Each structure stands twice: as C-alpha cells, then as structure tokens.
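Working notes, structure below.
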Amino acid sequence: MDDGRISRHGSGAKLWLAGGWLLLALLAALFAPLVAPQDPLAQDLMFERLPPFWMSGSEPGFWLGTDSLGRDLLSRLIFGARIAFVVAFAAALAACLVGSTLGLISGYFGGWADRIISRVVDVWMAFPPVLFAILLVAVLGTGLSSVIIAIAVIDWTRFCRVIRAETMGQARMDYVENARIAGYGRIGIMLREVLPNVVPSIVALLSLEMGIAVIVEAILSFVNLSISTDDPTWGGIIAEGRLSIHQAWWVLVFPLITLILTVLSFSQFGEGLKARFDPVLR
Amino acid sequence: MLLQRFLIRLLTMAITLFGVAVVVFVVIRVAPGDPIAMMLPPGATDADIARLRALYGLDKTIVEQFFIWLAGVVRGDFGTSISLRQDVLGLVFNRLPATLELAIVALLMALAIGGTTAILGARERGTAVEAGIDIASGAALSIPDFLWGLVLILLFGVLMPVFDISGRVSPQLDLPFVTQFYLFESLVRLRFDLTKDLLGHMLMPAVALALPLAAIISQLLKQSLKEVLDLDYVVLARVKGFSETQVILREALKNAALPTLTLVGVQFTFLIGGTVIVERLFSYEGLGNMAIDAVINRDLPLIQGIVLVFALLFVLINLAVDMTYAVLNPRLRHG
C-alpha cells in the first residue's frame, strides 16, 4: 500500500480485465444452451479424445477437443460455469451474511459476545478447511445445496475475523463517539455509522470468497463428492483430465486455465472495487 | 508474565480442542447412512447388526457415546477404524510423519523463496525487479495450492517428465527404515540415494503448497524491510560503508523478521490444511490422503481421530508461535 501510485495506476486495467472475464463467463453460464456448440452430455465413441481445433485430427465443431467419452470439452466447460457461478454467489453470500453479522457484533459490542464468537472462530480455525468441507458434504449428502451449505459453514470465519477487526478500529473513531453524544442507540450506530465504513472490506472479501467457493466446489467435484449428477462441473472435468493426462492433456489444460482465470479475476475484481470505494485508499 | 501467558494459552487451547471434538462428533453422528450396514454382507441378521452396533458403542445415546469416546481419546484410545479394522491412533501415527515431512519441506521452501525475493525486492526497491516480484507474488498468492498442483503435474509430469508426480517413494526400492520419518531417517543413515528419491517425490507437492505461503512471506517481509531501511541505525550502517545487501542481511533483517514470523505461524497451519487435497492430487501416502478415503468410506472413528490430530497440530503451532513471539518481542518480554 506504500506504493499506492503504482498499484492504483494498474488497478483500473486490472478491474476491467477481471470484470470482463467474469462477465464473459457469467453470460456463457446464463445462455449456455444457446452458446454451447454441442450437447455437453452427448457421448460419441467415434469422436473420443479429439484434440483442440489447431491440431491435426481435430473435428470442426469441437473447438477444444473431446474427452475420453467423446463429449465436447468447450460445451462442458460452458455448462460447468453454471454450477460454478451458482455455488460462488450462493455460498459466498451466505458466508458473508453470517460472518459479517457476527464480526460486526463481536467487534462493536465486545464483552461476552466477542469472547464467545472468538472462541467459536478459534474452534473453526483448528479444522483443516478442505477436510471439513469433504466431511460436511459426505454427511449432508452430495448435491448442490450441500456444497453451498458446506462452503458457507466453513468460510464465514474469514468474514468474521476481518470485519471484527475493522469494526473494532471504527468503533474507536471520533464519529462513533459523536453519534453517541448525539443520542443514537448502539444498534443504530452499528448499522448506520460503522457498517457503511466496513462495506468496502466486505465487498472485497465477498469477491475473494466467490473465487474460493469456485475452488472448493472444484475440489469436491475432484474427489467425486460434489453435485453427483451428470451435469458437468469444472472440478469433475479436471478429475477426468487428471486420469487421461497422458492421452489427452487438453481435458486438464482447458478447465485448469478457466479455473485460474476465474479465481484470479475474482480476487483482482474484489481488490479493484475496494481500492475504488475505500475513501482512505482513494 | 511469560508463564501466565503460557498457562492462559494452554487453557484456551484445551477449550478449542474440546470444541473441535464436540463439532466433529455432532457433525458425524447426524450423518445419515449406517456405517454398520455397510460393513456387513447382505445376508446379515438383525442380531448380527445389533451385536456389531454394541461393539462400536452405537447402541447408546449420543451424549453417552460422546463421553465414552472422549474418555477414550484422553487415554489415547481413539477407537478402531471401521474400514481398515485397525487401531485409529496407530493408523494416524503411521501416516502423520509423511505429512509432517511434506509440510516442513514446503515450509522451508516457502521461507527460502519468500525470503530471497523479499530481500531482492527490498534491495532493488522502485525498480522493474521489484515490480516483477510484486506481480509474481500476487499471482502466486491468488492461485491456491490445488491449482498449483495441477499446473505442476502438467508441466513436470507431462510436458517435461522430470519429476515423480505420484507416491512418496519409488516402490521398487528396499527401505531400511524403522520409523515413518523416511526423509529424516535417510539423512541420519546417510542413505542419500533414498533421500534423493524421497525429495524427488516430495518436490512437486511441496512446491504447490509452498508457493502461496512464499508469496505472503515475500510481500510482508519486503514491506517490513523497506520500513526498517529508512531508520537511523540502518542509514548509519550505510554511511559506514556497508553495501546495500550487507545492510539488509546484517542490520535490517532481524528487526524486520518479527511481524513475518507471527504470520508464518498462522499461515503454516493453512499450509498443513492444504496437504489434504495436495496429497490426494499427488497420491502421496500421508494423513490427508487417508482422511479423504476415511470420509468416502464413512469410517467415523478414523475421521474423528484424523481431524483431532490435525486440530492438535494447529493449536500447538499457534501456541509455539505465540510463545516465540512473546520471548522475542522485547516489549512483551519486559511486561
């Protein structure tokens, strides 16, 4: 943050690039049946392991090649984006609501509320998150809602810790004292004065968390514990790609590039937004 | 002062572990699906099922089960694995060394990469070198270990197959080891051929785990170094004629390292958490890989045991970091 000049100079471009990719992926997910060149579930053993379009042996209409069952990779990635975005939005929002609320209460009221919430956060931090996620999905049963619940149950602490610390900082500021002298109630001050000041952090964390949710879903799909239907998921495609890595590298490379771009975009987008809205950084 | 701090931390540690035990126990017991039903062949009678349920204590109330289990845990009895039919603690201790060795190698790598780039970036501050380091560490930080693992598999397992991307040690080798700390023992026994093979297997998963942490270390240490480099005593060293590298290594580093050290402790627990999926990715026979199998097989006692051991490891690391910080930080040392 010391070299704010440099980072702010680049932050505009980063924000646009990241936002552009996310918008593209989101539109592809929304209009998947219209934009996908093939049926993502259609198997064709005549077309198994076709390479991407620029290599010899590729077939027109299968731009990124096919997997070992002859399913079109591009179409599967486009349909996989649907699951990825649903999980990203739902899980991140749920984690954000729970975590930010508890963080705000913990940081603003302090005392017993803070002590209890902080202890619970300590307990949560003592779990390996990936193992916790796998365990929860195994317990809840596979399915879209289980994945979303598992991610929210695990990652609320991320919001809680940051928002608690920020709220504690804000609560010591003069404007809070002024509001109290002006006769506002404690909950009123918390919601009307403190909350708007921690919103930039919440927004940045929310975007970051969406990227994390996409990864966790991919990990769960990878260990075959995600939504367990035939619907393609990015993690599921990666798991297939890992198996046929020596015969058809593209089945791993393209979903991997998609995931990396998406995760990078979510984190850069969040940071960019924060830099834009944060009055201190601005 | 230090002792008091230590005792308070020990108490909160016990509370945290108790909380973990409660959460794991509750989460697992609300699970639908009967693990006993999965153990028995289809022709089993109700009496068989009842006998097995009693054997694993599943016929009692959930609160009774919890305290029976907890009493056992305190005595070191974690129960019997349902899928592997072996003592849970034995299984866990058999796999833990592999995970610890991987995590420590990854930590050392992260410190080496992060430390070097931080020092380089601080020395070359304001130049293209620093900008390059910033971009690299930004990318390393944003991409999680799972994806780094896949990238490494593609690069060094397929494109240039120079490293092993599967297992802990080449299966055809004769292993003279008596403990599970293969790497450590190979060093002690001066069997460097085995050390090389073990490190070869460990390199890719360790790099995947190390990169995000290396990025954090690099960013934070560089920041602290740049702050310290403007202080009077550092300027004085420079006036005395030390080169910039000497100034950083001899004067600035030890004062800039403390904030990084605290952070490395917390981040090291994240790294250990990452071993779960990275071990899976590289078929490395550690605790995390066994944990995923345990979840898939609904092996309740084994899952409980593994999660508790991970939690114990995490709180111990935090305790160690906290105490190191208290000892090293002069402000805390003198109350």
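So you can find residues: chains in the structure tokens are A, B, ... in the order shown, residues in each start at 1, and ligands are numbered from 1 in order.
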
Identify all chain A residues at most 6 Å from chain B by counting only C-alpha atoms; ligands do not count. Present them as a PyMOL selection string. chain A and resi 123+126-128+139+264

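If you count only C-alpha atoms and ignore residues fewer than 5 places along the chain from B:Glu285, what sits within 8 Å of it is Arg95, Ala98, Gly167, Arg168, Glu279 and Met290 of chain B.
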
DSSP says helix (DSSP H, G or I) for which residues of stretch 108-295 of chain B? Put them as JSON, numbers by chain? {"B": [108, 109, 110, 111, 112, 113, 114, 115, 116, 117, 118, 119, 120, 121, 122, 123, 128, 129, 130, 131, 132, 133, 134, 135, 136, 137, 138, 139, 140, 141, 142, 145, 146, 147, 148, 149, 150, 151, 152, 153, 154, 155, 156, 157, 158, 159, 182, 183, 184, 185, 186, 187, 188, 192, 193, 194, 195, 196, 197, 198, 199, 200, 201, 202, 203, 204, 205, 206, 207, 208, 209, 210, 211, 212, 213, 214, 215, 216, 217, 218, 219, 220, 221, 222, 223, 224, 225, 226, 227, 228, 232, 233, 234, 235, 236, 237, 238, 239, 244, 245, 246, 247, 248, 249, 250, 251, 252, 253, 254, 255, 256, 257, 258, 259, 260, 261, 262, 263, 264, 265, 266, 267, 268, 269, 270, 271, 272, 273, 274, 275, 276, 277, 278, 279, 280, 281, 287, 288, 289, 290, 291, 292, 293, 294, 295]}

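Between atom CA of B:Leu70 and atom CA of B:Gly305 lies a distance of 10.9 Å.
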
For atom CA of A:Asp72 and atom CA of A:Ile212, determine how far apart the two atoms are, in Å to one decimal place.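 Between atom CA of A:Asp72 and atom CA of A:Ile212 the gap is 26.7 Å.
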
Do you know which residues are at most 10 Å from A:Met190 counting only C-alpha atoms, after dropping those on the same chain fewer than 6 positions away, and could you put them as a CSV table (one decimal) with N, CA, C and O atoms, in the first residue's frame?
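What follows is the written file result19.csv:
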chain,number,residue,atom,x,y,z
A,104,LEU,N,-19.4,-8.0,13.1
A,104,LEU,CA,-19.9,-6.7,13.5
A,104,LEU,C,-20.3,-6.7,14.9
A,104,LEU,O,-19.9,-5.8,15.7
A,105,ILE,N,-21.1,-7.7,15.3
A,105,ILE,CA,-21.5,-7.8,16.7
A,105,ILE,C,-20.3,-7.9,17.6
A,105,ILE,O,-20.1,-7.2,18.6
A,107,GLY,N,-17.1,-7.2,17.1
A,107,GLY,CA,-16.2,-6.1,17.2
A,107,GLY,C,-16.8,-4.9,17.8
A,107,GLY,O,-16.1,-4.1,18.5
A,108,TYR,N,-18.1,-4.7,17.7
A,108,TYR,CA,-18.7,-3.5,18.2
A,108,TYR,C,-19.1,-3.6,19.6
A,108,TYR,O,-18.9,-2.7,20.4
A,109,PHE,N,-19.7,-4.7,20.0
A,109,PHE,CA,-20.2,-4.9,21.4
A,109,PHE,C,-19.1,-5.4,22.3
A,109,PHE,O,-19.1,-5.0,23.5
A,167,THR,N,-14.2,-3.4,12.6
A,167,THR,CA,-15.3,-2.8,13.4
A,167,THR,C,-14.6,-2.2,14.7
A,167,THR,O,-15.0,-1.1,15.1
A,170,GLN,N,-13.0,0.9,13.8
A,170,GLN,CA,-14.0,2.0,13.6
A,170,GLN,C,-14.7,2.5,14.9
A,170,GLN,O,-14.9,3.7,15.1
A,171,ALA,N,-14.9,1.5,15.8
A,171,ALA,CA,-15.7,1.9,17.0
A,171,ALA,C,-14.9,2.9,17.9
A,171,ALA,O,-15.5,3.5,18.7
A,176,VAL,N,-18.0,7.9,15.9
A,176,VAL,CA,-18.8,7.0,16.7
A,176,VAL,C,-19.2,7.6,18.0
A,176,VAL,O,-20.3,7.6,18.5
A,184,TYR,N,-27.7,8.7,19.5
A,184,TYR,CA,-28.1,7.5,18.7
A,184,TYR,C,-28.0,6.2,19.6
A,184,TYR,O,-27.1,6.2,20.4
A,196,PRO,N,-21.5,1.1,7.1
A,196,PRO,CA,-21.1,1.7,5.8
A,196,PRO,C,-19.5,1.8,5.7
A,196,PRO,O,-19.0,1.7,4.6

Counting only C-alpha atoms, the option among A:Ser75, A:Glu193, A:Ser68, A:Ser56 closest to A:Ala32: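 When distances to A:Ala32 are compared using only C-alpha atoms, the smallest one comes from A:Ser75.
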
Pick out the residues sitting within 7 Å of stretch 78-89 of chain A, and hand them over as a compact mmCIF listing (two decimals) with N, CA, C and O atoms, in the first residue's frame; count only C-alpha atoms, and ignore anything fewer than 2 positions along from it in its own chain.
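File part18.txt, as written:
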# COMPACT_ATOMS: atom_id res chain seq x y z
N ALA A 25 -17.76 -15.14 -18.61
CA ALA A 25 -18.08 -16.46 -18.07
C ALA A 25 -19.52 -16.51 -17.57
O ALA A 25 -20.23 -17.51 -17.74
N ALA A 28 -21.85 -16.71 -20.53
CA ALA A 28 -21.79 -18.07 -21.08
C ALA A 28 -22.62 -19.02 -20.22
O ALA A 28 -23.34 -19.88 -20.74
N ALA A 29 -22.52 -18.84 -18.89
CA ALA A 29 -23.28 -19.71 -18.00
C ALA A 29 -24.78 -19.48 -18.17
O ALA A 29 -25.56 -20.43 -18.27
N LEU A 30 -25.18 -18.21 -18.23
CA LEU A 30 -26.61 -17.89 -18.34
C LEU A 30 -27.21 -18.42 -19.64
O LEU A 30 -28.30 -18.97 -19.65
N ALA A 32 -25.97 -20.79 -21.62
CA ALA A 32 -25.25 -22.00 -22.00
C ALA A 32 -25.94 -22.79 -23.13
O ALA A 32 -25.28 -23.18 -24.10
N ALA A 36 -23.36 -23.01 -26.26
CA ALA A 36 -22.56 -24.23 -26.33
C ALA A 36 -22.73 -24.87 -27.70
O ALA A 36 -23.86 -25.05 -28.15
N LEU A 74 -15.51 -27.86 -24.78
CA LEU A 74 -15.95 -26.47 -24.66
C LEU A 74 -17.38 -26.41 -24.11
O LEU A 74 -17.68 -25.63 -23.20
N SER A 75 -18.25 -27.25 -24.63
CA SER A 75 -19.63 -27.25 -24.16
C SER A 75 -19.71 -27.64 -22.69
O SER A 75 -20.50 -27.09 -21.92
N ARG A 76 -18.87 -28.58 -22.28
CA ARG A 76 -18.87 -29.00 -20.88
C ARG A 76 -18.36 -27.87 -19.98
O ARG A 76 -18.88 -27.66 -18.89
N ALA A 91 -22.93 -19.47 -2.00
CA ALA A 91 -22.09 -19.80 -0.85
C ALA A 91 -21.41 -18.56 -0.29
O ALA A 91 -21.37 -18.35 0.93
N ALA A 92 -20.91 -17.71 -1.19
CA ALA A 92 -20.21 -16.51 -0.71
C ALA A 92 -21.18 -15.57 0.00
O ALA A 92 -20.86 -15.01 1.05
N LEU A 93 -22.39 -15.41 -0.55
CA LEU A 93 -23.37 -14.54 0.11
C LEU A 93 -23.75 -15.06 1.49
O LEU A 93 -23.80 -14.30 2.46
N ILE A 148 -23.13 -25.82 -1.22
CA ILE A 148 -23.26 -24.42 -0.82
C ILE A 148 -23.25 -24.27 0.70
O ILE A 148 -22.52 -23.44 1.25
N MET A 210 -15.97 -15.64 -3.48
CA MET A 210 -16.58 -16.29 -4.64
C MET A 210 -15.54 -17.13 -5.37
O MET A 210 -15.82 -18.26 -5.78
N GLY A 211 -14.33 -16.58 -5.50
CA GLY A 211 -13.25 -17.36 -6.12
C GLY A 211 -12.94 -18.60 -5.31
O GLY A 211 -12.75 -19.69 -5.86
N ALA A 213 -14.95 -20.18 -3.30
CA ALA A 213 -16.07 -21.12 -3.42
C ALA A 213 -15.95 -21.94 -4.71
O ALA A 213 -16.20 -23.15 -4.71
N VAL A 214 -15.54 -21.27 -5.78
CA VAL A 214 -15.37 -21.99 -7.06
C VAL A 214 -14.31 -23.08 -6.90
O VAL A 214 -14.49 -24.22 -7.37
N PRO A 232 -22.07 -31.38 -15.99
CA PRO A 232 -20.62 -31.19 -15.93
C PRO A 232 -20.25 -30.11 -14.92
O PRO A 232 -20.95 -29.11 -14.78
N THR A 233 -19.16 -30.35 -14.18
CA THR A 233 -18.59 -29.33 -13.30
C THR A 233 -17.12 -29.18 -13.67
O THR A 233 -16.52 -30.12 -14.19
N TRP A 234 -16.57 -28.02 -13.37
CA TRP A 234 -15.16 -27.80 -13.70
C TRP A 234 -14.25 -28.79 -12.97
O TRP A 234 -13.32 -29.34 -13.55

For B:Ile62: contacts at 10 Å, only C-alpha atoms, fewer than 5 positions along chain excluded, given as a short mmCIF file (atom, residue, chain, number, x, y, z; two decimals) with C-alpha atoms, in the first residue's frame:
data_model
loop_
_atom_site.label_atom_id
_atom_site.label_comp_id
_atom_site.auth_asym_id
_atom_site.auth_seq_id
_atom_site.Cartn_x
_atom_site.Cartn_y
_atom_site.Cartn_z
CA PHE B 25 -18.74 -35.70 16.99
CA VAL B 26 -22.03 -33.89 16.33
CA ARG B 29 -23.43 -38.51 14.30
CA VAL B 30 -26.09 -36.58 12.41
CA GLY B 57 -20.94 -48.42 21.07
CA PHE B 67 -18.29 -39.04 26.71
CA ILE B 68 -17.29 -42.66 26.23
#

For B:Ile113: contacts at 12 Å, only C-alpha atoms, fewer than 3 positions along chain excluded, given as a list of chain:residue names: B:Ala106, B:Leu107, B:Leu108, B:Met109, B:Ala110, B:Thr116, B:Thr117, B:Ala118, B:Ile119, B:Leu120, B:Gly121, B:Ile133, B:Ala136, B:Ser137, B:Ala140, B:Val207, B:Ala210, B:Leu211, B:Pro212, B:Leu213, B:Ala214, B:Ala215, B:Ile216, B:Ile217, B:Ser218, B:Gln219, B:Leu221

For the selection just defined, write its residues with N, CA and C atoms to a file, as a compact mmCIF listing (two decimals), in the first residue's frame.
# COMPACT_ATOMS: atom_id res chain seq x y z
N ALA B 106 7.89 -28.10 2.62
CA ALA B 106 7.19 -27.00 1.95
C ALA B 106 7.42 -25.68 2.69
N LEU B 107 7.42 -25.72 4.02
CA LEU B 107 7.64 -24.51 4.80
C LEU B 107 9.04 -23.95 4.55
N LEU B 108 10.05 -24.85 4.55
CA LEU B 108 11.42 -24.40 4.29
C LEU B 108 11.54 -23.77 2.91
N MET B 109 10.86 -24.41 1.94
CA MET B 109 10.88 -23.85 0.58
C MET B 109 10.24 -22.47 0.56
N ALA B 110 9.10 -22.35 1.23
CA ALA B 110 8.40 -21.06 1.25
C ALA B 110 9.28 -19.99 1.88
N THR B 116 14.22 -14.84 -0.05
CA THR B 116 15.10 -14.36 -1.11
C THR B 116 14.44 -13.26 -1.93
N THR B 117 13.20 -13.49 -2.34
CA THR B 117 12.54 -12.48 -3.18
C THR B 117 12.28 -11.20 -2.39
N ALA B 118 12.02 -11.33 -1.09
CA ALA B 118 11.79 -10.13 -0.27
C ALA B 118 13.06 -9.30 -0.19
N ILE B 119 14.19 -9.97 0.06
CA ILE B 119 15.46 -9.25 0.18
C ILE B 119 15.84 -8.61 -1.16
N LEU B 120 15.64 -9.40 -2.22
CA LEU B 120 15.94 -8.87 -3.55
C LEU B 120 15.06 -7.66 -3.87
N GLY B 121 13.77 -7.80 -3.56
CA GLY B 121 12.82 -6.71 -3.84
C GLY B 121 13.13 -5.46 -3.02
N ILE B 133 8.68 -8.82 -9.04
CA ILE B 133 8.46 -9.64 -7.85
C ILE B 133 7.03 -9.45 -7.34
N ALA B 136 4.68 -11.41 -9.61
CA ALA B 136 4.82 -12.85 -9.39
C ALA B 136 4.20 -13.25 -8.06
N SER B 137 4.44 -12.48 -7.00
CA SER B 137 3.90 -12.88 -5.71
C SER B 137 2.38 -12.69 -5.68
N ALA B 140 1.14 -15.82 -7.37
CA ALA B 140 1.36 -17.00 -6.52
C ALA B 140 0.38 -17.03 -5.37
N VAL B 207 6.21 -27.84 -3.60
CA VAL B 207 6.20 -26.54 -4.28
C VAL B 207 4.77 -26.00 -4.36
N ALA B 210 4.01 -24.63 -1.13
CA ALA B 210 4.88 -23.54 -0.70
C ALA B 210 4.58 -22.22 -1.40
N LEU B 211 4.14 -22.28 -2.67
CA LEU B 211 4.04 -21.04 -3.45
C LEU B 211 3.15 -19.95 -2.81
N PRO B 212 1.91 -20.28 -2.41
CA PRO B 212 1.10 -19.22 -1.80
C PRO B 212 1.74 -18.64 -0.53
N LEU B 213 2.33 -19.50 0.30
CA LEU B 213 2.97 -19.02 1.52
C LEU B 213 4.21 -18.19 1.20
N ALA B 214 4.99 -18.65 0.22
CA ALA B 214 6.17 -17.88 -0.20
C ALA B 214 5.77 -16.47 -0.61
N ALA B 215 4.64 -16.36 -1.30
CA ALA B 215 4.18 -15.05 -1.75
C ALA B 215 3.85 -14.15 -0.56
N ILE B 216 3.19 -14.72 0.44
CA ILE B 216 2.83 -13.92 1.62
C ILE B 216 4.09 -13.46 2.34
N ILE B 217 5.03 -14.40 2.54
CA ILE B 217 6.28 -14.05 3.22
C ILE B 217 6.99 -12.95 2.44
N SER B 218 7.06 -13.13 1.12
CA SER B 218 7.76 -12.17 0.29
C SER B 218 7.16 -10.77 0.45
N GLN B 219 5.84 -10.69 0.35
CA GLN B 219 5.19 -9.38 0.42
C GLN B 219 5.39 -8.72 1.77
N LEU B 221 7.56 -9.44 4.32
CA LEU B 221 8.95 -9.19 4.71
C LEU B 221 9.53 -8.02 3.93
